[in-house]
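Participant: Structure: entry.cif, mmCIF, C-alpha atoms.
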data_data
loop_
_atom_site.label_atom_id
_atom_site.label_comp_id
_atom_site.auth_asym_id
_atom_site.auth_seq_id
_atom_site.Cartn_x
_atom_site.Cartn_y
_atom_site.Cartn_z
CA MET A 1 114.75 49.45 91.23
CA ASN A 2 112.97 49.67 94.58
CA ARG A 3 109.44 48.35 94.02
CA ASP A 4 108.30 49.55 97.43
CA PRO A 5 109.82 53.00 97.81
CA PHE A 6 109.62 54.98 101.03
CA TRP A 7 108.06 58.41 101.03
CA ARG A 8 108.06 61.20 103.60
CA ALA A 9 106.67 64.68 104.02
CA LEU A 10 109.17 67.37 103.16
CA ALA A 11 109.85 69.85 105.97
CA PRO A 12 106.77 68.91 108.01
CA ASP A 13 107.51 71.66 110.53
CA ALA A 14 107.07 74.18 107.72
CA LEU A 15 103.55 73.05 106.94
CA ALA A 16 100.28 74.47 108.22
CA SER A 17 97.01 72.97 107.12
CA ARG A 18 93.25 72.99 107.47
CA SER A 19 90.73 70.41 106.41
CA TRP A 20 87.13 71.10 105.49
CA ASP A 21 84.64 68.72 103.90
CA ASP A 22 87.30 66.04 103.35
CA GLU A 23 89.45 68.42 101.35
CA PHE A 24 92.63 70.01 102.50
CA VAL A 25 94.55 73.26 102.17
CA VAL A 26 98.18 73.32 103.13
CA TYR A 27 100.64 76.18 103.44
CA ASN A 28 104.32 75.44 102.97
CA ASP A 29 106.52 77.94 104.77
CA ALA A 30 109.54 76.60 102.87
CA THR A 31 108.11 77.73 99.53
CA GLY A 32 105.52 80.32 100.55
CA ASN A 33 102.94 78.47 98.49
CA THR A 34 99.45 77.36 99.44
CA HIS A 35 97.87 74.27 97.89
CA HIS A 36 94.37 72.83 97.70
CA LEU A 37 94.48 69.05 97.85
CA SER A 38 91.82 66.54 96.95
CA VAL A 39 90.41 63.88 99.27
CA LEU A 40 93.18 61.50 98.23
CA GLY A 41 95.82 64.21 98.54
CA ARG A 42 94.62 64.85 102.04
CA ALA A 43 94.73 61.15 102.91
CA VAL A 44 98.27 60.77 101.56
CA MET A 45 99.56 63.90 103.30
CA THR A 46 97.94 62.89 106.58
CA MET A 47 99.58 59.48 106.38
CA LEU A 48 102.99 60.97 105.52
CA LEU A 49 102.76 63.48 108.37
CA SER A 50 102.03 60.71 110.82
CA HIS A 51 105.18 58.85 109.69
CA PRO A 52 107.91 61.52 109.89
CA SER A 53 110.72 59.10 109.10
CA GLY A 54 108.92 57.80 106.03
CA ILE A 55 106.51 55.09 105.02
CA ALA A 56 106.64 52.44 102.32
CA LEU A 57 104.28 52.81 99.39
CA THR A 58 102.62 49.47 100.17
CA ALA A 59 101.98 50.44 103.78
CA LEU A 60 100.77 53.85 102.66
CA VAL A 61 98.25 52.33 100.26
CA LEU A 62 97.09 49.78 102.83
CA GLY A 63 96.64 52.51 105.44
CA ILE A 64 94.64 54.69 103.09
CA ALA A 65 92.50 51.75 101.97
CA ASP A 66 91.87 50.80 105.58
CA ASP A 67 90.86 54.34 106.55
CA ALA A 68 88.56 54.61 103.53
CA GLY A 69 87.12 51.11 103.88
CA THR A 70 88.10 50.23 100.34
CA ALA A 71 90.27 47.68 98.57
CA ALA A 72 94.01 48.27 98.13
CA ASP A 73 93.83 47.36 94.46
CA ASP A 74 96.00 48.37 91.52
CA GLU A 75 93.76 51.30 90.77
CA LEU A 76 94.33 52.73 94.24
CA VAL A 77 98.07 52.07 94.00
CA GLU A 78 98.25 54.00 90.73
CA ALA A 79 96.19 56.87 92.16
CA VAL A 80 98.44 57.08 95.22
CA GLU A 81 101.56 57.03 93.02
CA ARG A 82 100.15 59.87 90.91
CA THR A 83 99.30 61.79 94.06
CA LEU A 84 102.80 61.28 95.47
CA ALA A 85 104.33 62.52 92.21
CA HIS A 86 102.10 65.59 92.39
CA LEU A 87 103.04 66.22 96.02
CA ALA A 88 106.70 65.92 95.05
CA GLU A 89 106.21 68.56 92.35
CA LEU A 90 104.68 70.81 95.00
CA ARG A 91 107.65 70.10 97.28
CA LEU A 92 105.37 68.70 99.93
CA ALA A 93 106.71 65.14 99.78
CA ALA A 94 109.79 63.31 98.58
CA PRO A 95 110.99 59.74 98.23
CA VAL A 96 113.37 58.58 100.94
CA LEU A 97 116.64 57.69 99.29
CA ALA A 98 118.21 54.43 100.42
CA MET B 1 92.52 118.51 104.67
CA ARG B 2 93.10 115.65 107.10
CA ILE B 3 90.44 113.02 107.31
CA ARG B 4 89.83 109.81 109.24
CA LEU B 5 89.38 106.71 107.09
CA GLY B 6 88.52 103.98 109.55
CA PRO B 7 91.75 102.90 111.27
CA VAL B 8 93.97 105.38 109.43
CA ALA B 9 94.13 109.12 108.86
CA ALA B 10 95.07 110.75 105.58
CA GLU B 11 96.23 114.20 104.68
CA ILE B 12 94.92 115.08 101.24
CA ARG B 13 96.12 118.06 99.24
CA SER B 14 94.93 119.11 95.81
CA PRO B 15 94.43 122.33 93.89
CA PHE B 16 91.89 120.68 91.56
CA GLY B 17 88.35 121.94 91.92
CA VAL B 18 86.98 118.52 90.89
CA VAL B 19 88.79 116.95 93.83
CA ALA B 20 87.55 119.54 96.30
CA SER B 21 83.94 119.23 95.14
CA ALA B 22 84.08 115.42 95.15
CA LEU B 23 85.57 115.36 98.65
CA ALA B 24 82.87 117.77 99.85
CA LEU B 25 80.12 115.53 98.46
CA LEU B 26 81.49 112.04 98.97
CA TYR B 27 83.29 112.45 102.29
CA ALA B 28 80.62 114.69 103.84
CA GLU B 29 80.02 112.16 106.64
CA HIS B 30 83.69 111.59 107.48
CA HIS B 31 85.44 113.10 110.45
CA VAL B 32 87.74 115.91 109.39
CA LEU B 33 90.80 116.12 111.61
CA ALA B 34 92.71 119.14 112.82
CA THR B 35 95.61 120.20 110.64
CA ASP B 36 98.11 119.18 113.33
CA ASP B 37 96.58 115.73 113.93
CA PHE B 38 98.72 112.77 112.93
CA ALA B 39 98.26 111.51 109.38
CA ASP B 40 99.32 107.98 108.41
CA PHE B 41 99.32 108.91 104.74
CA ARG B 42 100.21 112.28 103.22
CA VAL B 43 98.95 112.31 99.68
CA ALA B 44 98.43 114.92 97.00
CA VAL B 45 96.81 115.04 93.59
CA GLU B 46 98.47 117.85 91.72
CA PRO B 47 99.23 119.03 88.19
CA PRO B 48 102.75 118.44 86.91
CA PHE B 49 105.10 121.34 86.40
CA GLY B 50 105.59 122.84 82.99
CA VAL B 51 103.47 123.13 79.91
CA ARG B 52 101.25 120.21 81.00
CA ARG B 53 99.57 122.58 83.41
CA PHE B 54 97.97 124.29 80.41
CA VAL B 55 97.93 121.83 77.48
CA ALA B 56 95.90 118.66 78.03
CA PRO B 57 96.15 119.15 81.81
CA GLN B 58 97.18 116.14 83.83
CA ALA B 59 97.02 115.00 87.44
CA LEU B 60 99.73 113.27 89.44
CA PHE B 61 99.28 111.21 92.59
CA LYS B 62 101.95 111.89 95.17
CA PHE B 63 102.69 109.99 98.35
CA ASP B 64 104.98 111.72 100.82
CA GLY B 65 105.87 114.15 98.04
CA SER B 66 106.90 111.47 95.52
CA VAL B 67 105.03 110.72 92.32
CA ARG B 68 103.75 107.13 92.42
CA PHE B 69 101.90 106.55 89.17
CA ARG B 70 101.85 107.71 85.59
CA PRO B 71 99.84 110.92 85.20
CA LEU B 72 96.20 110.81 84.22
CA PRO B 73 94.05 113.47 82.57
CA ALA B 74 93.13 116.16 85.09
CA ALA B 75 89.46 115.27 84.73
CA GLN B 76 90.32 111.94 86.39
CA ALA B 77 91.90 113.59 89.43
CA PHE B 78 89.33 112.30 91.92
CA PRO B 79 89.34 108.66 90.74
CA LEU B 80 93.13 108.92 90.81
CA LEU B 81 92.94 110.01 94.44
CA GLU B 82 90.68 107.05 95.30
CA TRP B 83 92.94 104.57 93.52
CA GLY B 84 95.94 106.16 95.19
CA LEU B 85 94.38 105.82 98.63
CA ASN B 86 93.70 102.15 97.90
CA TRP B 87 97.36 101.77 96.98
CA CYS B 88 98.40 103.44 100.25
CA VAL B 89 96.36 100.95 102.24
CA THR B 90 97.37 97.82 100.33
CA THR B 91 101.07 98.65 100.41
CA HIS B 92 101.34 99.93 103.98
CA CYS B 93 98.65 98.49 106.26
CA HIS B 94 100.33 95.16 106.83
CA GLN B 95 99.00 94.97 110.36
CA TYR B 96 96.01 93.48 108.51
CA LEU B 97 95.51 90.78 105.96
CA ILE B 98 94.06 92.73 103.05
CA ILE B 99 91.68 91.10 100.59
CA HIS B 100 90.25 92.56 97.41
CA SER B 101 86.66 92.32 98.50
CA ALA B 102 83.58 94.31 99.29
CA VAL B 103 82.62 93.99 102.95
CA LEU B 104 79.27 94.65 104.58
CA GLU B 105 77.71 93.95 107.95
CA ARG B 106 74.37 92.65 109.13
CA HIS B 107 73.41 91.41 112.60
CA GLY B 108 76.97 91.96 113.82
CA ARG B 109 78.55 89.66 111.23
CA ALA B 110 80.63 90.60 108.23
CA LEU B 111 79.83 89.55 104.68
CA LEU B 112 82.83 89.36 102.36
CA LEU B 113 82.27 89.53 98.61
CA PRO B 114 85.70 88.76 97.11
CA ALA B 115 85.67 89.01 93.36
CA PRO B 116 87.67 90.15 90.36
CA PRO B 117 86.63 93.23 88.34
CA GLY B 118 83.52 92.69 86.26
CA SER B 119 81.86 90.32 88.69
CA GLY B 120 79.28 92.87 89.82
CA LYS B 121 80.81 93.14 93.27
CA SER B 122 80.47 96.90 93.68
CA THR B 123 76.98 96.99 92.16
CA LEU B 124 75.82 94.31 94.56
CA CYS B 125 77.58 96.07 97.41
CA ALA B 126 75.87 99.39 96.62
CA ALA B 127 72.49 97.66 96.34
CA LEU B 128 72.91 96.03 99.76
CA VAL B 129 73.99 99.34 101.30
CA ALA B 130 70.96 101.00 99.73
CA ARG B 131 68.74 98.51 101.57
CA GLY B 132 70.33 98.95 104.96
CA TRP B 133 73.44 96.79 105.11
CA ARG B 134 76.35 98.59 106.77
CA LEU B 135 79.24 99.36 104.45
CA LEU B 136 82.70 98.44 105.67
CA SER B 137 84.36 98.82 102.28
CA ASP B 138 83.51 98.24 98.64
CA GLU B 139 87.09 97.33 97.79
CA LEU B 140 89.32 96.29 100.69
CA ALA B 141 88.61 93.79 103.44
CA LEU B 142 90.98 94.43 106.34
CA ILE B 143 91.26 91.29 108.45
CA GLU B 144 92.91 91.30 111.86
CA LEU B 145 95.64 88.69 111.96
CA ASP B 146 93.80 86.45 114.38
CA GLY B 147 91.07 86.25 111.73
CA LYS B 148 88.40 87.13 114.25
CA ARG B 149 87.44 90.68 113.27
CA VAL B 150 87.00 92.68 110.10
CA VAL B 151 88.07 96.32 110.27
CA PRO B 152 85.84 98.88 108.54
CA MET B 153 87.20 101.51 106.23
CA PRO B 154 84.03 102.98 104.75
CA ARG B 155 84.80 105.15 101.74
CA PRO B 156 82.88 106.03 98.58
CA ILE B 157 81.64 103.06 96.54
CA SER B 158 83.18 102.99 93.09
CA LEU B 159 80.75 102.23 90.27
CA LYS B 160 81.64 101.60 86.66
CA ASN B 161 79.86 101.95 83.35
CA ARG B 162 76.30 100.57 83.31
CA SER B 163 76.23 100.03 87.05
CA ILE B 164 76.17 103.81 87.55
CA ASP B 165 72.71 104.13 85.99
CA THR B 166 71.62 100.87 87.56
CA ILE B 167 72.37 102.11 91.07
CA ALA B 168 71.02 105.60 90.36
CA ARG B 169 67.65 103.97 89.55
CA PHE B 170 67.81 101.44 92.39
CA TRP B 171 68.87 103.99 95.01
CA PRO B 172 67.32 107.32 94.02
CA ASP B 173 68.50 109.01 97.22
CA ALA B 174 72.13 108.06 96.69
CA ALA B 175 74.62 110.90 96.58
CA ILE B 176 76.55 110.07 93.41
CA GLY B 177 79.49 112.15 92.27
CA ASP B 178 80.29 113.26 88.76
CA ILE B 179 80.63 110.58 86.11
CA VAL B 180 84.23 110.54 84.92
CA PRO B 181 84.43 109.01 81.43
CA ASP B 182 87.29 107.37 79.57
CA THR B 183 89.29 106.10 82.53
CA LEU B 184 91.22 102.85 82.34
CA LYS B 185 88.15 101.24 83.87
CA GLY B 186 85.67 103.01 81.60
CA SER B 187 83.26 105.55 83.07
CA VAL B 188 83.43 105.71 86.85
CA ALA B 189 81.40 107.46 89.52
CA HIS B 190 81.42 107.22 93.29
CA VAL B 191 78.60 106.90 95.79
CA ARG B 192 78.76 108.53 99.21
CA PRO B 193 78.69 105.97 102.04
CA PRO B 194 75.81 106.39 104.47
CA GLY B 195 76.54 108.35 107.64
CA ASP B 196 75.66 105.33 109.78
CA SER B 197 78.40 103.29 108.10
CA VAL B 198 80.98 106.05 108.51
CA HIS B 199 80.09 106.81 112.11
CA ARG B 200 80.25 103.13 113.13
CA ALA B 201 83.72 102.57 111.67
CA LEU B 202 85.09 101.62 115.09
CA GLU B 203 82.64 98.71 115.38
CA TYR B 204 84.55 95.67 114.10
CA PRO B 205 82.26 92.76 113.22
CA ALA B 206 83.22 89.10 113.34
CA PRO B 207 83.36 87.26 110.03
CA GLY B 208 80.07 85.64 109.11
CA TRP B 209 79.84 84.91 105.42
CA VAL B 210 82.10 84.61 102.40
CA VAL B 211 80.14 84.83 99.16
CA LEU B 212 81.72 84.77 95.71
CA PRO B 213 79.52 86.90 93.46
CA ARG B 214 79.28 86.51 89.71
CA TYR B 215 77.16 88.71 87.49
CA ALA B 216 76.13 87.45 84.07
CA HIS B 217 73.43 89.04 82.00
CA GLY B 218 70.14 87.21 82.26
CA VAL B 219 71.17 84.38 84.56
CA ALA B 220 68.92 83.31 87.40
CA THR B 221 69.61 84.49 90.92
CA GLU B 222 71.14 81.65 92.89
CA LEU B 223 72.97 81.27 96.18
CA ALA B 224 74.69 77.89 96.22
CA PRO B 225 76.91 76.14 98.77
CA LEU B 226 80.62 76.61 98.23
CA PRO B 227 83.22 74.19 99.65
CA LYS B 228 85.33 75.98 102.21
CA CYS B 229 88.57 74.93 100.55
CA GLU B 230 87.47 76.65 97.34
CA ALA B 231 86.47 79.76 99.26
CA PHE B 232 89.84 79.69 101.01
CA MET B 233 91.79 79.48 97.77
CA ARG B 234 89.73 82.30 96.24
CA LEU B 235 90.56 84.45 99.25
CA VAL B 236 94.26 83.59 98.85
CA ASP B 237 94.07 84.67 95.21
CA SER B 238 92.25 87.86 96.18
CA ALA B 239 94.61 88.87 98.98
CA PHE B 240 97.02 91.75 98.40
CA ASN B 241 99.52 90.87 101.11
CA TYR B 242 99.03 87.17 101.87
CA SER B 243 102.64 86.43 100.99
CA VAL B 244 103.85 89.21 103.28
CA HIS B 245 102.39 87.41 106.27
CA GLY B 246 103.49 83.88 105.48
CA ARG B 247 102.10 81.35 107.94
CA ALA B 248 100.30 84.09 109.91
CA GLY B 249 98.37 84.97 106.75
CA PHE B 250 97.38 81.35 106.26
CA GLU B 251 96.18 81.10 109.86
CA ALA B 252 94.24 84.36 109.60
CA LEU B 253 92.46 83.22 106.46
CA ALA B 254 91.83 79.78 107.92
CA ALA B 255 90.22 81.34 111.01
CA LEU B 256 88.14 83.58 108.78
CA VAL B 257 86.90 80.64 106.71
CA ASP B 258 86.36 78.53 109.83
CA ALA B 259 84.00 81.21 111.11
CA SER B 260 82.20 81.82 107.82
CA ASP B 261 79.36 80.26 105.93
CA CYS B 262 80.61 80.10 102.33
CA ARG B 263 78.48 80.46 99.21
CA ALA B 264 78.68 81.20 95.50
CA PHE B 265 76.17 83.74 94.23
CA THR B 266 75.13 84.30 90.64
CA TYR B 267 72.77 87.02 89.53
CA GLY B 268 71.61 88.57 86.33
CA GLY B 269 70.89 92.09 87.46
CA ALA B 270 67.66 91.71 89.43
CA LEU B 271 68.92 93.71 92.39
CA ASP B 272 65.78 93.62 94.54
CA GLU B 273 65.77 89.85 94.21
CA ALA B 274 69.49 89.69 94.99
CA VAL B 275 69.10 91.81 98.12
CA GLY B 276 66.18 89.64 99.21
CA VAL B 277 68.35 86.55 98.92
CA PHE B 278 71.04 88.11 101.09
CA ASP B 279 68.54 89.40 103.65
CA ARG B 280 67.10 85.91 104.06
CA PHE B 281 70.55 84.35 104.11
CA ALA B 282 71.72 86.71 106.86
CA ALA B 283 68.59 86.07 108.90
CA SER B 284 68.86 82.29 108.68
#
Let me see whether you can do it: turn the structure in this file into structure tokens.

Facilitator:
Amino acid sequence: MNRDPFWRALAPDALASRSWDDEFVVYNDATGNTHHLSVLGRAVMTMLLSHPSGIALTALVLGIADDAGTAADDELVEAVERTLAHLAELRLAAPVLA
Amino acid sequence: MRIRLGPVAAEIRSPFGVVASALALLYAEHHVLATDDFADFRVAVEPPFGVRRFVAPQALFKFDGSVRFRPLPAAQAFPLLEWGLNWCVTTHCHQYLIIHSAVLERHGRALLLPAPPGSGKSTLCAALVARGWRLLSDELALIELDGKRVVPMPRPISLKNRSIDTIARFWPDAAIGDIVPDTLKGSVAHVRPPGDSVHRALEYPAPGWVVLPRYAHGVATELAPLPKCEAFMRLVDSAFNYSVHGRAGFEALAALVDASDCRAFTYGGALDEAVGVFDRFAAS
């Protein structure tokens, strides 16, 4: 099992987004759906979009922690993993298969 | 008759006296077109053929000669026409992003009041119009696809149930049509839009405010900040043709929200107080 999986944004060219007050709305042309993401959802999506070929979970968590000025602790790791799973359900993100 | 309804023209045919009298009262300020002028929509409200002309008479809404909805009692012929015209706009005017929302204007900026039925949207809209706000629509916000202008389509304001008496007391000079009971929405009546609103239908204001209204009996009047993302998602949910436009619809709504101050408004029926809140908000 890969303990440091890579993640990427799905079809980034199909996405349009706006950010207000630290929150984020994103439209996915591939599904026709629009989603309202939380502060963490925004941070994860922003990080994924800036790494089109994918980014490892550890690097993703460290980047988010650095941007937010917080610790990359287990709690943050779990929150990011939950967020990634949610983004995968929305077809906004997917793990990069080895 | 052919009549101009903001950016579109409609040909309306009906043998029903209730339709003719309602049109004469409620569209008195609208520009009637020549019979050979172009009409975007050709609609009719007519009785069906056969025995139904005489027993429990009914009314049918026709678009381009085809029946579009189930018949309603003939007494509901005018509300049926209004609902049918709304259907024409929401299913055909895809040059706009169309949102289920009342729209008014003050100081050159548009106020959108997107809300589901029962939220007091039309009551609040009528109260604001009564106190001088310009009516763009009580039902349909037509947004140009760059999100920068809101297109007026001033038509009669539809009131339901208790709001009919409420507005009749609040706006004694209002021209209110007959009360039609027992419709799917309860009792309905329509208010004639002011001549100023009708005559200025070619003045397209920029978006200014998005306010989500909510009426609840007895609650205090309050205008509270609303995160723009929440306002955006409410507008998505309230749009008739958002999915038709795809990314262009998203960009139009995003530009609209970018340009708007967003609020949530609760009120318990104190209309003078509610109008005062909006007057101060628009002036700030």

Participant: Select, from B:Leu128, B:Ala77, B:Val210, B:Val244, the residue with the minimum atom-to-atom distance to Cys229 (chain B), counting all atoms listed in the file.

Facilitator: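 For Cys229 (chain B), the nearest of the given residues is B:Val210.
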
Participant: Extract, using only C-alpha atoms, all DNA, RNA and protein residues at most 12 Å from Glu273 (chain B), discarding same-chain residues fewer than 5 positions from it, and format them as a VMD selection string.

Facilitator: chain B and resid 124 127 to 128 131 170 220 to 223 266 to 268 278 to 280

Participant: Considering all atoms listed in the file, tabulate each residue of chain A that lies at most 12 Å from chain B along with its nearest interatomic pair and the corresponding distance in Å to one decimal; arrange the rows by chain and ascending residue number and present them as a Markdown table.

Facilitator:
| residue | atom | partner | partner_atom | distance |
| --- | --- | --- | --- | --- |
| A:Asp13 | CA | B:Arg247 | CA | 11.4 |
| A:Ala14 | CA | B:Arg247 | CA | 8.7 |
| A:Leu15 | CA | B:Arg247 | CA | 8.5 |
| A:Ala16 | CA | B:Arg247 | CA | 7.1 |
| A:Ser17 | CA | B:Phe250 | CA | 8.4 |
| A:Arg18 | CA | B:Ala254 | CA | 7.0 |
| A:Ser19 | CA | B:Cys229 | CA | 7.7 |
| A:Trp20 | CA | B:Lys228 | CA | 6.1 |
| A:Asp21 | CA | B:Pro227 | CA | 7.1 |
| A:Asp22 | CA | B:Cys229 | CA | 9.4 |
| A:Glu23 | CA | B:Cys229 | CA | 6.6 |
| A:Phe24 | CA | B:Cys229 | CA | 6.7 |
| A:Val25 | CA | B:Cys229 | CA | 6.4 |
| A:Val26 | CA | B:Phe250 | CA | 8.7 |
| A:Tyr27 | CA | B:Phe250 | CA | 6.7 |
| A:Asn28 | CA | B:Arg247 | CA | 8.0 |
| A:Asp29 | CA | B:Arg247 | CA | 6.4 |
| A:Ala30 | CA | B:Gly246 | CA | 9.8 |
| A:Thr31 | CA | B:Gly246 | CA | 9.7 |
| A:Gly32 | CA | B:Gly246 | CA | 6.4 |
| A:Asn33 | CA | B:Ser243 | CA | 8.3 |
| A:Thr34 | CA | B:Met233 | CA | 8.1 |
| A:His35 | CA | B:Met233 | CA | 8.0 |
| A:His36 | CA | B:Cys229 | CA | 6.8 |
| A:Leu37 | CA | B:Cys229 | CA | 8.8 |
| A:Ser38 | CA | B:Cys229 | CA | 9.7 |
| A:Val39 | CA | B:Cys229 | CA | 11.3 |
| A:Arg42 | CA | B:Cys229 | CA | 11.9 |

Participant: So which one's closest to Trp133 (chain B), B:Arg155, B:Arg42, B:His190, B:Arg106? Using all atoms listed in the file, please.

Facilitator: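 Checking each candidate against Trp133 (chain B), we get B:Arg106 as the closest.
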
Participant: Quick one: residues within 12 Å of Ala65 (chain A), all atoms listed in the file counted, chain neighbours fewer than 4 positions away excluded, as a ChimeraX atom specification?

Facilitator: /A:40,43-44,47,58-61,69-77,79-80

Participant: Here's the selection I'm unsure about, the PyMOL selection byres ((chain B and resi 125) around 9); applied to the file above, which residues does it give, as a PyMOL selection string?

Facilitator: chain B and resi 102-104+113+120-124+126-130+133+135+137-138+157

Participant: Could you tell me which residues the PyMOL selection byres ((chain B and resi 117) around 12) grabs in this file, written as a list in words?

Facilitator: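 In the shown coordinates, the PyMOL selection byres ((chain B and resi 117) around 12) covers His100, Ser101, Ala102, Leu113, Pro114, Ala115, Pro116, Gly118, Ser119, Gly120, Lys121, Ser122, Thr123, Asp138, Glu139, Ser158, Leu159, Lys160, Lys185, Gly186, Pro213, Arg214, Tyr215 and Ser238 of chain B.
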
Participant: Any chance you could export the current selection's C-alpha atoms as a short mmCIF file (atom, residue, chain, number, x, y, z; two decimals), keeping the file's coordinate frame?

Facilitator:
data_model
loop_
_atom_site.label_atom_id
_atom_site.label_comp_id
_atom_site.auth_asym_id
_atom_site.auth_seq_id
_atom_site.Cartn_x
_atom_site.Cartn_y
_atom_site.Cartn_z
CA HIS B 100 90.25 92.56 97.41
CA SER B 101 86.66 92.32 98.50
CA ALA B 102 83.58 94.31 99.29
CA LEU B 113 82.27 89.53 98.61
CA PRO B 114 85.70 88.76 97.11
CA ALA B 115 85.67 89.01 93.36
CA PRO B 116 87.67 90.15 90.36
CA GLY B 118 83.52 92.69 86.26
CA SER B 119 81.86 90.32 88.69
CA GLY B 120 79.28 92.87 89.82
CA LYS B 121 80.81 93.14 93.27
CA SER B 122 80.47 96.90 93.68
CA THR B 123 76.98 96.99 92.16
CA ASP B 138 83.51 98.24 98.64
CA GLU B 139 87.09 97.33 97.79
CA SER B 158 83.18 102.99 93.09
CA LEU B 159 80.75 102.23 90.27
CA LYS B 160 81.64 101.60 86.66
CA LYS B 185 88.15 101.24 83.87
CA GLY B 186 85.67 103.01 81.60
CA PRO B 213 79.52 86.90 93.46
CA ARG B 214 79.28 86.51 89.71
CA TYR B 215 77.16 88.71 87.49
CA SER B 238 92.25 87.86 96.18
#

Participant: With the file shown as input, list the residues that the PyMOL selection byres ((chain B and resi 78-81) around 7) selects, as a list of chain:residue names.

Facilitator: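 That expression, the PyMOL selection byres ((chain B and resi 78-81) around 7), corresponds here to B:Val18, B:Val19, B:Ala22, B:Val45, B:Phe61, B:Gln76, B:Ala77, B:Glu82, B:Trp83, B:Gly84, B:Leu85.
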
Participant: Calculate how many Å separate CA of Ala44 (chain B) from CA of Lys62 (chain B), rounding to one decimal.

Facilitator: 5.0 Å

Participant: CA of Thr90 (chain B) and CA of Leu202 (chain B), how far apart in Å?

Facilitator: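 Atom-to-atom, CA of Leu202 (chain B) to CA of Thr90 (chain B), that is 19.6 Å.
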
Participant: Considering all atoms listed in the file, return as a list in words whatever protein or nucleic-acid residues lie within 7 Å of region 82-90 of chain A, sequence-local ones (same chain, fewer than 4 positions apart) excluded.

Facilitator: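 The residues that qualify are Gly41, Glu78 and Ala94 of chain A.
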
Participant: Go ahead and save the picked residues with C-alpha atoms, as a compact mmCIF listing (two decimals), keeping the file's coordinate frame.

Facilitator:
# COMPACT_ATOMS: atom_id res chain seq x y z
CA GLY A 41 95.82 64.21 98.54
CA GLU A 78 98.25 54.00 90.73
CA ALA A 94 109.79 63.31 98.58
